[in-house]
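Engineer: Okay, here's the structure, questions in a sec.
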Amino acid sequence: MPEMITDPEIIAAYNEDALGLKGKFEGLFRPNSEAEVIDMVRTCISRKLPLTAQGLRSSLTGAAICGKGAALSLERMNRVIHIDVERKFAVVEPGIVLSDFKKSVEEAGLMYAPDPTSAEECTLGGNVATNASGSRSLKYGATIDWVRGLRVVDGRGRVFEVKNGISEKMCAGYGAMYRPTQLFVGSEGTLGVVTRIEVSLTELPANGFVGIVFFRDLKSAVDFTLEANHGPAYKAASMEFLDHACLEIIRPKAKGIAIPADARVMIYFEQEYGDESEKDRFLNLWFPLIEKHTPFFDDTQIADSPKEKKHLYDLRHHVPSTANEESIKAIKTGGCKISTDWAVPLNRLHQLFAYFDEIRRPLGDMMVLRFGHLGSGHPHFNFIARTGEEKIIASEIDDLMAKKAVALGGCVAGEHGIGKMKHRQLALQYPSPIIGAMRALKNELDPAGIMAPGNIFMDDTGDIAPLQL
Ligand SMILES: Cc1cc2nc3c(=O)[nH]c(=O)nc-3n(C[C@H](O)[C@H](O)[C@H](O)COP(=O)(O)OP(=O)(O)OC[C@H]3O[C@@H](n4cnc5c(N)ncnc54)[C@H](O)[C@@H]3O)c2cc1C
């Protein structure tokens, strides 16, 4: 029987996520191999002990923390098994840290494209289970677009492999099964433990520059983003934004970059190119567009060297970790960060921003940080609730916006998932027969309900309350 670690000093680290949320669990498993995962899952089945898989607990919905039972950390299963350079795919274990995996692939001369901001703090297994995406998803899509095969140990203790069909045509049963890996992408540990992952790789971009542009207001920044994404001319790999509150966070770190005093929004974009003439062609497209939408044209920064690009990248990416640090502080006074994850078609963004202005009054002076994937119609609004009461207010605003996003053709969760925080939003997204079908799938693969209870669906036993209310 596999040993469950119960030493409080060891398990404490596995009981907290990036938001500072804490769970309640009996112990920890740290398998070194798939055979050990099978053993541990079967032990939990026989003992009726719930089991929550963990990557590096960077989830922002409480999905990785364990409300009861045991945690199963995949951190020791972190090997790259194979990189096939010619056929452009890799096979890896789930616990590999994403940045380590991306580096191994780059050393082989290729790229694994998905790039969540948390690349150094998350695992590929966690990315699969949350369908992680990132700033370059604008060009390259999300994790779901790159996964082609998985091995899974389900809640019955069975191990099996699923592979996406690669024939041009297919018509064998329900369309959702043609790419069966997609059943497990976004499953948040509720169907089983992913023990092996096969992903597609692509060519490394030859060159790229990064631009940052400042705007007087959100409307001009959205208009700029809309125009840059209209038609194939620009093909930015990424278009991200920071609002005025985020600009105040990065100002002290901006070293050498003059952020105009009355700038209210910054857009960070990445443009890939082949040779110098293509670079010039892109710059000749971007400069007039920037000039058209902002009076701060002269403050625009274009970075080409790795050092300058990293500085701008770090500036943009400094904000999410600051927001999470604010969350950890707020938890001490009964609060927490509540962040929206809705996404809408790009041309509906104006409507969502205007709607927020209509409904924001109850937030009072709560800190609101808005940043993220503007080019993909996916900005995150982060409410730093200082008390339990403020958490309820922020959650209500989040629900209203999620509902509006669905009405505008979007979704309630663009990349963070449902976790233990947003169960009620699932019903905003899907009709009840579809939620029923998802539950039936869970029931087939995990009839005892031991896999990640409380994630996606409310815990039927009532032991795990939804997290923020
Ligand atoms: C600063 C910061 C920035 C972030 N930026 C982004 C971003 O740009 N884009 C984005 O999409 N997300 C982002 N995130 C959220 C987070 O990093 C992602 O959700 C990530 O995919 C979680 O990976 P993890 O390894 O930490 O998984 P964990 O947080 O440990 O787990 C997440 C979920 O996956 C399940 N799980 C983990 N491993 C397995 C496995 N092997 N088998 C089955 N289930 C498993 C867990 O049970 C849980 O439900 C950010 C987080 C932080 C802290």
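Going by the structure tokens order, chains are called A, B, ..., each with residues numbered from 1, while ligands are numbered from 1 in the order shown.
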List every residue of region 69-109 of chain A that has an atom at most 9 Å from any atom of region 203-208 of chain A, and for each one report the closest atom pair and its distance in Å to one decimal, counting only C-alpha atoms, with rows sorted by chain and then by increasing residue number, as a tab-separated table.
Structural biologist:
```
residue	atom	partner	partner_atom	distance
A:Lys88	CA	A:Glu203	CA	8.5
A:Glu106	CA	A:Leu204	CA	7.5
A:Gly109	CA	A:Leu204	CA	6.9
```
Engineer: Hey, which bits of region 41-83 of chain A sit within 12 Å of region 415-433 of chain A, and for each residue what's the closest pair of atoms and how far apart in Å (one decimal), counting only C-alpha atoms, rows by chain and increasing number, as JSON lines?
Structural biologist:
```
{"residue": "A:Thr52", "atom": "CA", "partner": "A:Gly419", "partner_atom": "CA", "distance": 11.7}
{"residue": "A:Arg57", "atom": "CA", "partner": "A:Gly419", "partner_atom": "CA", "distance": 11.9}
{"residue": "A:Ser58", "atom": "CA", "partner": "A:His416", "partner_atom": "CA", "distance": 10.1}
{"residue": "A:Ser59", "atom": "CA", "partner": "A:His416", "partner_atom": "CA", "distance": 7.0}
{"residue": "A:Leu60", "atom": "CA", "partner": "A:His416", "partner_atom": "CA", "distance": 6.3}
{"residue": "A:Thr61", "atom": "CA", "partner": "A:Gly419", "partner_atom": "CA", "distance": 4.8}
{"residue": "A:Gly62", "atom": "CA", "partner": "A:Lys420", "partner_atom": "CA", "distance": 5.4}
{"residue": "A:Ala63", "atom": "CA", "partner": "A:Gly419", "partner_atom": "CA", "distance": 4.3}
{"residue": "A:Ala64", "atom": "CA", "partner": "A:Gly419", "partner_atom": "CA", "distance": 8.1}
{"residue": "A:Ile65", "atom": "CA", "partner": "A:Lys420", "partner_atom": "CA", "distance": 9.0}
{"residue": "A:Cys66", "atom": "CA", "partner": "A:Lys420", "partner_atom": "CA", "distance": 10.0}
{"residue": "A:Gly67", "atom": "CA", "partner": "A:Lys420", "partner_atom": "CA", "distance": 9.2}
```
Engineer: Hey, what's within 9 Å of Lys68 (chain A) if we count only C-alpha atoms and toss same-chain stuff fewer than 6 positions away? As a PyMOL selection string, please?
Structural biologist: chain A and resi 23-26+49-52+453+463-464
Engineer: I need the residues of region 317-357 of chain A that end up classed as helix (DSSP H, G or I) by DSSP on the backbone, written out as a list in words.
Structural biologist: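 Selecting the helix (DSSP H, G or I) positions of region 317-357 of chain A gives His317, His318, Val319, Pro320, Ser321, Thr322, Ala323, Asn324, Glu325, Glu326, Ser327, Ile328, Lys329, Ala330, Ile331, Leu346, Asn347, Arg348, Leu349, His350, Gln351, Leu352, Phe353, Ala354, Tyr355, Phe356 and Asp357 of chain A.
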Engineer: Enter the distance from CA of Ala254 (chain A) to CA of Val97 (chain A), in Å, rounded to one decimal.
Structural biologist: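 About the pair CA of Ala254 (chain A) and CA of Val97 (chain A): they are 28.4 Å apart.
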Engineer: Which is closest to Pro116 (chain A) among A:Arg42, A:Lys219, A:Glu444, A:Pro320, if we use only C-alpha atoms?
Structural biologist: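 For Pro116 (chain A), the nearest of the given residues is A:Pro320.
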Engineer: Check the smallest atom-to-atom distance from each of A:Gln54, A:Thr190, A:Asn78, A:Asn347 to Asp446 (chain A) using only C-alpha atoms, then report the winner.
Structural biologist: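 The closest residue to Asp446 (chain A) is A:Thr190.
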